[in-house]
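J.: My questions all concern the structure below.
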Amino acid sequence: MNRRLSWVLKALLSHYWRHPWQTLFMLTGLVAGVGLWSAVQIINHHAEASYRDAQSLLGAQASHWIQSRRDEGVEPGVYIDLRRAGYRQLFPLIELQVSTPGGQTLDLIATDLMALPVSLLDEEEDSDDFSATWLDFVQPPYRAWVPETLAAELGLAEGEALALRDGRRLPPALYRANEQQGRRILLDIGAAQSLSGLQRLDYIAVGEITPEEQARLAALLPPELEMVENQQHLDLQQLTASLHTHLTAMSLLSFAVGLFIVFNAVRFSLWYRRSTLLNLRLMGCDTRLLIVAIGLETLGWSLLGSGLGFALGVLLAQLLLPGLGASLQSLYDAVVGVDLGVSPLTLLMAWSITLLGLTWALAWPLYRQLQRSSFEAARSATLLRDETDARRWLGWAALGLGLLALAWYPRIENATEGFAVLGVVLFAAAWSLPLVLALGLRLLSAVLPQRRLLLRWMVSDGWTQMPSLRSAMMALLLALTANLGVGMLVDSFRDAFVGWLELRQSADIYLRNPNVDYAELRRRGLAEGWLADSHSRIGVTTRWRERPTLVRGIDPRAPDSLQLPLSRWQGDSPAAALATWREQPGKVLINEQVMFLAGVEVGESIRIGDGAAARAYEVVGVFYDYGNPYFQFYLPVAVVASQFSHYYSRGIALWLDPADQQAGARAEAAMLTLGAGPGDWISQAEIRHLSVGIFDRTFAITASMNALTMLVAAIALLASLLAILHERMQQFAQWRALGLRQVEILLLIATPLLVFCTIAWLVSIPLGTLLSWILIDKLNVVSFGWSMPLLWDLTPAVWLAGLVLLICAATLLLVSLRWRRQMPQALAQLGEIV
Amino acid sequence: MLSIRNLSKSYRSAGISQAVLQGLDFDMAASTSVALLGDSGSGKSTLLHLVAGLDRPDGGSIEFAGKALHSAPEPELAALRRSRLSLVFQQFHLIPTLDVLDNIRFQAALCGKFDDVYQQELVERLGLDDQLDKFPWQLSRGQQQRVAIARALLHRPELVLADEPTGNLDERSSSEVMALFSELVQRAGSALLMVTHSREMAAFLDRRVRLHDGRLTESE
Ligand SMILES: Nc1ncnc2c1ncn2[C@@H]1O[C@H](COP(=O)(O)OP(=O)(O)O)[C@@H](O)[C@H]1O
Ligand SMILES: [Mg+2]
């Protein structure tokens, strides 16, 4: 049995040995698909693990935070008193943001290193060229623990003190890889205090604590402090869930496109091995033996594909993670560690989906071939009938999927369902493509003039090429659609976002420093003449319907409040709604997230505020709030000041006098004299640059995935053409012998290809628009709570057409090179027929 | 060795049933050779497929080496084809991705009956010495058919079923291959049932039978 099996395997697998190109394509399809999928899985799992770690800081579990009710920080004395009272599981924290001369923002986190669990410090081993004992961390000049990847990005050598934009310097750097540090730089509390010149702590983290101890601790706190539960982990998971779903969806798309290549390669390998299989059966191999052999082959491919694909995935994840981590940090305050942990579970998953995909693509058709009686299987009529059958079958399946999508669409409730529907739509489109291609061919043949015999022949050759090109065309359609659809989404989003930023951030300078007296700054600015207007805001962070929420006190007459962009409003116009909100008590503006995610409508009355202090407000308008994962309510500043006991300042926005050339310099001088540091304010240009930067970085991953998907489709195309060449070389040789020139035969290959590509491209335009519309109309709304108009533009489609032409030209060139090499031999074999 | 009684087989296509074999009887002794003659479409290939167990009869019995082929389960038929039968067709059915030597040894490998001396003899007699490391597509048609013959004989089957084995070759190489073929079959001690159109070919063999109207009759 074993020896027989090995001979059967030898016969089956020799195919791959003899056709290295096809083997390469098969492997490429598997590796590309699995690679993209597992990269995203690795990133998602990694991010999830990081969120879980957010609860513990530097190895110490933080179950609660002690913080100021008014965001004014915690006096260091409180921390010392509490520790003296016997609370050893407390550690103080200061968070700072600084910028490099290059404009990169760095997050610093500082704690009392002496308060941390000792084990953590033991871990730190001395490095060769720059050694430091842990005492060096807690006394001047201190040390800064810099994650290695960040140090490499900054070009920071070990022992070097990083210079900041405002001239300050960080303590000498020490490379350090601590998972929970993420991209943050860790300092001792003393170093942070001397860097910022401020003594206060941001908050105190509370480690593992019993409920009784916790009650006693709460009672010890001065009235301006409160103890809150650390819900960061849950919040982060909730806030980022949609983003991760989006990533998963993209990776599944890549996997699907990869699978099309595999299908393609498999079709070829099946076609080619038909005779081998028949042969084996004639020589008395029983079906069971063949099934075992095919099973082993499938298993082998799945192991090879998922192994290599996973390795690629790890590599890709490493490339994509820094950008994505930076986005997560700026959008959600989510710290994602830099060092990837790879779980065997992901590998196992990668393997099982590969096996599943392969079983579908390879094992099933092979098995069906075996079920047929040996002679029926060999007939070419069977193959032709199979092709028409397959087309019809796919068409029916597509119709079913289309109806399913139509019925499901209005009932979509979350991102996962949304993407499921999207997948159904895409598959329906891909599966109906063969019918559309057939229709296109028929139409084209009908309109071609009767006299152009050669051209008609070339077009009609499409019927022969259809089976080989079918899956490649589906892959191309999917890739084109994804590129167009996602591209349109990103363009629409960018357009909406930039326009919105211009309205929302119309002030010239934004200052945030709780020690500055904003009223005094405004008075001075108006008196000195450099200030045109200002807006100082207050806010309260709270939770509303289980989600972190911001209640903002807005000056209703400030320039940006007067032109707040609304997406829904009560009454005749946005201006009228804003006027109502300004002038009548008990009105509130909500952000789109509240409307879409919590289902609150204009005109509805909602309760805002904690416990007994909650009051009812009527919703009169909904404002756009892109990039914000939280719920947000806008109330007039006076209402917040009177209704909430512990609001805090959210900074001040300054509009400079446009006529005053020196306004900027004078404003800065005034801010400095009132006690602001140079890092406390940011100009409009900078904030826009930063915001757009975050936006672009977030979507960079999309662009790279799109490019990869396109590449995968190009490979599928090349693979099919080479297969066609291989299958039909004898036929081409005969035609050549009949006197056809090489150009004409190449044209014969090229014409159907161009016809099919054109059809796929034409179909991809409406389909891409549909995809983008679903993404904007449904998925963005259910997952992020952002709505925006769809921006329709044909330019990207034209660019893609150029790209497809280029791909076709390149593939045809490769094919013609191969043609030249193989033709002499094919011609030589012709002679023996006679 | 081979005994067929009252064999019938009909095909149904487009709703019309067409009887191809009707009450056919046939006997064949070990180590003898029989030429199966008949018009095109008379059912010669059908009969061969039934004997090889590739298809099932509608009625009647086929006994080969004491086994009832008409009712044997598929794995048993496969085992039989593997070790005691050989098939040679007009299309050569070589495995395109294996070299000549592997192709020749394949069936012997499947049933575990290697005989290096005999293999060398076959290779030499069929003039394949210089072709062993080539691939099927690098050979002429006549050479490919010789490889198929070597493969069919190496495991010394009891019965060789050949369906117009030389129909694909030109006249000269066809009679050359035929002469070699029947000689080698005889030397291997196998029985041979061969479909052929050519009287000249048929003359090489011990007996000639003609298939007509679904039955076999002895012929000159
Ligand atoms: N699978 C099949 N389905 C329907 N009819 C068949 C099938 N195989 C053979 N036939 C018919 O049976 C008859 C005998 O065929 P065959 O045995 O191939 O004849 P021969 O080999 O003598 O030329 C022919 O009329 C042929 O059309
Ligand atoms: Mg026949």
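So you can find residues: chains in the structure tokens are A, B, ... in the order shown, residues in each start at 1, and ligands are numbered from 1 in order.
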Using only C-alpha atoms, find each residue of chain B with at least one atom at most 7 Å away from an atom of chain A; report its shortest atom-to-atom pair and that distance in Å (one decimal), sort the rows by chain and rising residue number, and return the result as JSON lines.

T.:
{"residue": "B:Pro75", "atom": "CA", "partner": "A:Asp286", "partner_atom": "CA", "distance": 5.6}
{"residue": "B:Ala78", "atom": "CA", "partner": "A:Gly284", "partner_atom": "CA", "distance": 4.2}
{"residue": "B:Ala79", "atom": "CA", "partner": "A:Gly284", "partner_atom": "CA", "distance": 5.8}
{"residue": "B:Leu80", "atom": "CA", "partner": "A:Gly284", "partner_atom": "CA", "distance": 7.0}
{"residue": "B:Arg81", "atom": "CA", "partner": "A:Gly284", "partner_atom": "CA", "distance": 4.5}
{"residue": "B:Arg82", "atom": "CA", "partner": "A:Gly284", "partner_atom": "CA", "distance": 3.9}
{"residue": "B:His93", "atom": "CA", "partner": "A:Asn279", "partner_atom": "CA", "distance": 5.8}
{"residue": "B:Ile95", "atom": "CA", "partner": "A:Thr276", "partner_atom": "CA", "distance": 5.3}
{"residue": "B:Thr97", "atom": "CA", "partner": "A:His15", "partner_atom": "CA", "distance": 5.5}
{"residue": "B:Leu98", "atom": "CA", "partner": "A:Ser14", "partner_atom": "CA", "distance": 6.5}
{"residue": "B:Gln107", "atom": "CA", "partner": "A:Met283", "partner_atom": "CA", "distance": 6.2}
{"residue": "B:Ala109", "atom": "CA", "partner": "A:Arg4", "partner_atom": "CA", "distance": 6.8}
{"residue": "B:Leu110", "atom": "CA", "partner": "A:Arg4", "partner_atom": "CA", "distance": 4.9}
{"residue": "B:Ser140", "atom": "CA", "partner": "A:Glu832", "partner_atom": "CA", "distance": 6.8}

J.: Output N, CA, C and O atoms for every residue in the selection just made, as a PDB file, in the first residue's frame.

T.:
ATOM      1  N   PRO B  75     -13.146  -2.004  -5.786  1.00  0.00           N
ATOM      2  CA  PRO B  75     -11.759  -2.187  -5.357  1.00  0.00           C
ATOM      3  C   PRO B  75     -11.156  -3.492  -5.880  1.00  0.00           C
ATOM      4  O   PRO B  75      -9.987  -3.545  -6.253  1.00  0.00           O
ATOM      5  N   ALA B  78     -10.302  -3.012  -9.467  1.00  0.00           N
ATOM      6  CA  ALA B  78      -9.085  -2.206  -9.571  1.00  0.00           C
ATOM      7  C   ALA B  78      -7.865  -3.083  -9.322  1.00  0.00           C
ATOM      8  O   ALA B  78      -6.871  -3.009 -10.038  1.00  0.00           O
ATOM      9  N   ALA B  79      -7.955  -3.937  -8.301  1.00  0.00           N
ATOM     10  CA  ALA B  79      -6.825  -4.810  -7.968  1.00  0.00           C
ATOM     11  C   ALA B  79      -6.532  -5.756  -9.129  1.00  0.00           C
ATOM     12  O   ALA B  79      -5.379  -6.017  -9.466  1.00  0.00           O
ATOM     13  N   LEU B  80      -7.583  -6.217  -9.756  1.00  0.00           N
ATOM     14  CA  LEU B  80      -7.440  -7.121 -10.879  1.00  0.00           C
ATOM     15  C   LEU B  80      -6.742  -6.424 -12.051  1.00  0.00           C
ATOM     16  O   LEU B  80      -5.817  -6.954 -12.658  1.00  0.00           O
ATOM     17  N   ARG B  81      -7.240  -5.205 -12.351  1.00  0.00           N
ATOM     18  CA  ARG B  81      -6.641  -4.422 -13.439  1.00  0.00           C
ATOM     19  C   ARG B  81      -5.163  -4.164 -13.170  1.00  0.00           C
ATOM     20  O   ARG B  81      -4.341  -4.142 -14.055  1.00  0.00           O
ATOM     21  N   ARG B  82      -4.882  -3.952 -11.882  1.00  0.00           N
ATOM     22  CA  ARG B  82      -3.533  -3.581 -11.489  1.00  0.00           C
ATOM     23  C   ARG B  82      -2.557  -4.711 -11.776  1.00  0.00           C
ATOM     24  O   ARG B  82      -1.508  -4.517 -12.339  1.00  0.00           O
ATOM     25  N   HIS B  93      -1.725   7.147 -23.385  1.00  0.00           N
ATOM     26  CA  HIS B  93      -1.947   7.243 -21.948  1.00  0.00           C
ATOM     27  C   HIS B  93      -0.672   7.086 -21.135  1.00  0.00           C
ATOM     28  O   HIS B  93      -0.618   6.368 -20.152  1.00  0.00           O
ATOM     29  N   ILE B  95       2.138   8.888 -18.646  1.00  0.00           N
ATOM     30  CA  ILE B  95       2.057   9.982 -17.683  1.00  0.00           C
ATOM     31  C   ILE B  95       3.045  11.060 -18.123  1.00  0.00           C
ATOM     32  O   ILE B  95       4.256  10.827 -18.146  1.00  0.00           O
ATOM     33  N   THR B  97       4.322  13.717 -17.069  1.00  0.00           N
ATOM     34  CA  THR B  97       5.311  14.391 -16.228  1.00  0.00           C
ATOM     35  C   THR B  97       6.354  13.433 -15.658  1.00  0.00           C
ATOM     36  O   THR B  97       7.210  13.848 -14.899  1.00  0.00           O
ATOM     37  N   LEU B  98       6.237  12.157 -16.030  1.00  0.00           N
ATOM     38  CA  LEU B  98       7.264  11.208 -15.581  1.00  0.00           C
ATOM     39  C   LEU B  98       8.115  10.793 -16.773  1.00  0.00           C
ATOM     40  O   LEU B  98       7.631  10.759 -17.913  1.00  0.00           O
ATOM     41  N   GLN B 107       3.293   0.444 -13.732  1.00  0.00           N
ATOM     42  CA  GLN B 107       2.289  -0.548 -13.348  1.00  0.00           C
ATOM     43  C   GLN B 107       2.917  -1.683 -12.540  1.00  0.00           C
ATOM     44  O   GLN B 107       2.328  -2.183 -11.582  1.00  0.00           O
ATOM     45  N   ALA B 109       5.323  -1.300 -10.577  1.00  0.00           N
ATOM     46  CA  ALA B 109       5.510  -0.750  -9.234  1.00  0.00           C
ATOM     47  C   ALA B 109       4.214  -0.832  -8.442  1.00  0.00           C
ATOM     48  O   ALA B 109       4.210  -1.147  -7.252  1.00  0.00           O
ATOM     49  N   LEU B 110       3.097  -0.575  -9.139  1.00  0.00           N
ATOM     50  CA  LEU B 110       1.810  -0.593  -8.442  1.00  0.00           C
ATOM     51  C   LEU B 110       1.501  -1.972  -7.879  1.00  0.00           C
ATOM     52  O   LEU B 110       0.925  -2.098  -6.802  1.00  0.00           O
ATOM     53  N   SER B 140       8.721  10.173 -30.467  1.00  0.00           N
ATOM     54  CA  SER B 140       7.797  10.085 -31.599  1.00  0.00           C
ATOM     55  C   SER B 140       6.623   9.207 -31.171  1.00  0.00           C
ATOM     56  O   SER B 140       6.676   8.529 -30.142  1.00  0.00           O
TER      57      SER B 140
END

J.: Give me the residues near range 193-206 of chain B as a list in words, where near means some atom within 9 Å (using only C-alpha atoms) and where sequence neighbours in that chain fewer than 4 positions away do not count.

T.: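 Listing them by chain and then by number gives Met28, Thr32, Ser33, Val34, Ala35, Leu36, Leu37, Gly38, Asp39, Ser40, Lys44, Ser45, Leu48, Leu159, Val160, Leu161, Ala162, Asp163, Glu164, Pro165, Thr166, Gly167, Ser175, Met178, Ala179 and Ser182 of chain B.
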
J.: Enumerate as a ChimeraX atom specification all residues of range 52-186 of chain B assigned to helix (DSSP H, G or I) by DSSP on the backbone, naming them with the chain letters and numbers the document uses.

T.: /B:74-83,100-111,116-125,129-131,136-138,141-153,171-186

J.: Choose the residue, out of A:Pro171, A:Gly86, A:Pro824, A:Pro434, that has the smallest atom-to-atom separation from Phe732 in chain A; count only C-alpha atoms.

T.: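 Of all the options, A:Pro824 lies closest to Phe732 in chain A.
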
J.: Have a look at CA of Gly189 in chain B and CA of Ala29 in chain B and let me know their distance in Å, one decimal.

T.: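 Straight-line distance from CA of Gly189 in chain B to CA of Ala29 in chain B works out to 11.6 Å.
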
J.: Quick one: residues within 7 Å of range 702-715 of chain A, only C-alpha atoms, excluding same-chain residues fewer than 4 positions away - as a list in words?

T.: Ser254, Val257, Gly258, Ala472, Ala475, Leu476, Ala479, Ala482, Asn483, Ala719 and Ile807 of chain A

J.: Restrict the selected residues to C-alpha atoms and save them as a CSV table (one decimal), in the first residue's frame.

T.:
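This went into selection-v4.csv:
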chain,number,residue,atom,x,y,z
A,254,SER,CA,-7.1,39.7,0.0
A,257,VAL,CA,-8.4,37.3,-4.2
A,258,GLY,CA,-5.5,34.9,-3.3
A,472,ALA,CA,-8.4,35.5,-13.3
A,475,ALA,CA,-9.8,38.2,-9.3
A,476,LEU,CA,-9.2,41.2,-11.5
A,479,ALA,CA,-9.2,43.9,-7.2
A,482,ALA,CA,-11.8,47.1,-4.1
A,483,ASN,CA,-9.4,49.7,-5.4
A,719,ALA,CA,-0.7,32.5,-14.7
A,807,ILE,CA,-0.4,44.6,-16.7

J.: Collect all residues with atoms no farther than 6 Å from ligand 1, counting only C-alpha atoms and all ligand atoms, and output them as a list in words.

T.: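 Within the 6 Å cut-off, the matching residues are Tyr11, Arg12, Ser13, Val20, Ser40, Gly41, Ser42, Gly43, Lys44, Ser45 and Thr46 of chain B.
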
J.: What would the file look like if the residues just selected were written as a tab-separated table (two decimals), in the first residue's frame with all heavy atoms?

T.:
chain	number	residue	atom	x	y	z
B	11	TYR	N	-26.81	1.32	-24.47
B	11	TYR	CA	-26.60	2.71	-24.04
B	11	TYR	C	-27.89	3.47	-24.26
B	11	TYR	O	-28.62	3.21	-25.20
B	11	TYR	CB	-25.49	3.38	-24.86
B	11	TYR	CG	-24.12	2.87	-24.51
B	11	TYR	CD1	-23.41	2.07	-25.39
B	11	TYR	CD2	-23.55	3.21	-23.28
B	11	TYR	CE1	-22.15	1.62	-25.07
B	11	TYR	CE2	-22.29	2.75	-22.96
B	11	TYR	CZ	-21.59	1.96	-23.86
B	11	TYR	OH	-20.35	1.52	-23.53
B	12	ARG	N	-28.13	4.39	-23.39
B	12	ARG	CA	-29.31	5.22	-23.53
B	12	ARG	C	-28.81	6.64	-23.78
B	12	ARG	O	-28.08	7.20	-22.96
B	12	ARG	CB	-30.12	5.14	-22.23
B	12	ARG	CG	-31.25	6.11	-22.09
B	12	ARG	CD	-32.06	5.77	-20.86
B	12	ARG	NE	-32.88	4.56	-21.07
B	12	ARG	CZ	-34.05	4.59	-21.72
B	12	ARG	NH1	-34.52	5.71	-22.19
B	12	ARG	NH2	-34.74	3.48	-21.88
B	13	SER	N	-29.15	7.18	-24.95
B	13	SER	CA	-28.79	8.57	-25.15
B	13	SER	C	-29.94	9.29	-25.82
B	13	SER	O	-30.57	8.74	-26.72
B	13	SER	CB	-27.50	8.70	-25.97
B	13	SER	OG	-27.70	8.15	-27.25
B	20	VAL	N	-26.12	-2.54	-27.75
B	20	VAL	CA	-24.83	-2.72	-28.42
B	20	VAL	C	-24.41	-4.18	-28.38
B	20	VAL	O	-24.01	-4.74	-29.40
B	20	VAL	CB	-23.77	-1.82	-27.76
B	20	VAL	CG1	-22.43	-2.00	-28.46
B	20	VAL	CG2	-24.19	-0.36	-27.80
B	40	SER	N	-16.92	-0.26	-37.49
B	40	SER	CA	-16.86	0.85	-36.53
B	40	SER	C	-18.23	1.03	-35.88
B	40	SER	O	-19.25	1.00	-36.56
B	40	SER	CB	-16.45	2.12	-37.28
B	40	SER	OG	-16.29	3.15	-36.38
B	41	GLY	N	-18.24	1.13	-34.59
B	41	GLY	CA	-19.51	1.32	-33.89
B	41	GLY	C	-20.21	0.02	-33.57
B	41	GLY	O	-21.31	0.01	-33.04
B	42	SER	N	-19.57	-1.11	-33.84
B	42	SER	CA	-20.25	-2.38	-33.60
B	42	SER	C	-20.17	-2.80	-32.13
B	42	SER	O	-20.86	-3.73	-31.72
B	42	SER	CB	-19.65	-3.47	-34.49
B	42	SER	OG	-18.26	-3.57	-34.24
B	43	GLY	N	-19.33	-2.16	-31.33
B	43	GLY	CA	-19.32	-2.45	-29.90
B	43	GLY	C	-18.04	-3.10	-29.41
B	43	GLY	O	-18.00	-3.63	-28.31
B	44	LYS	N	-16.98	-3.02	-30.19
B	44	LYS	CA	-15.72	-3.68	-29.82
B	44	LYS	C	-15.13	-3.05	-28.55
B	44	LYS	O	-14.77	-3.75	-27.59
B	44	LYS	CB	-14.70	-3.57	-30.96
B	44	LYS	CG	-15.22	-4.11	-32.29
B	44	LYS	CD	-14.20	-4.01	-33.39
B	44	LYS	CE	-13.84	-2.59	-33.79
B	44	LYS	NZ	-14.91	-1.83	-34.46
B	45	SER	N	-15.07	-1.73	-28.55
B	45	SER	CA	-14.51	-1.05	-27.38
B	45	SER	C	-15.37	-1.31	-26.16
B	45	SER	O	-14.87	-1.51	-25.05
B	45	SER	CB	-14.42	0.45	-27.63
B	45	SER	OG	-13.57	0.70	-28.72
B	46	THR	N	-16.68	-1.33	-26.38
B	46	THR	CA	-17.60	-1.59	-25.27
B	46	THR	C	-17.27	-2.93	-24.63
B	46	THR	O	-17.18	-3.04	-23.40
B	46	THR	CB	-19.05	-1.58	-25.79
B	46	THR	OG1	-19.28	-0.33	-26.45
B	46	THR	CG2	-20.03	-1.75	-24.66

J.: Could you check which of A:Ser642, A:Ser269, A:Ser649, A:Gln734 is closest to Met26 in chain A, using only C-alpha atoms?

T.: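 Under the stated criterion, the closest residue is A:Ser269.
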
J.: What separation in Å, quoted to one decimal, exists between CA of Leu800 in chain A and CA of Leu480 in chain A?

T.: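 Interatomic distance here is 7.4 Å.
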
J.: CA of Ser492 in chain A and CA of Leu404 in chain A are how many Å apart?

T.: 27.9 Å

J.: Which residues come within 12 Å of Gly627 in chain A, counting only C-alpha atoms, excluding same-chain residues fewer than 5 positions away, as a list in words?

T.: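 Counting only C-alpha atoms, the residues come to Leu239, Thr240, Leu243, Ser327, Leu328, Ser330, Leu331, Tyr332, Phe493, Arg494, Ala496, Phe497, Val498, Trp500, Leu501, Asn591, Glu592, Gln593, Ser691, Val692, Ile694, Phe695, Thr698, Asn780, Phe784, Gly785, Trp786 and Ser787 of chain A.
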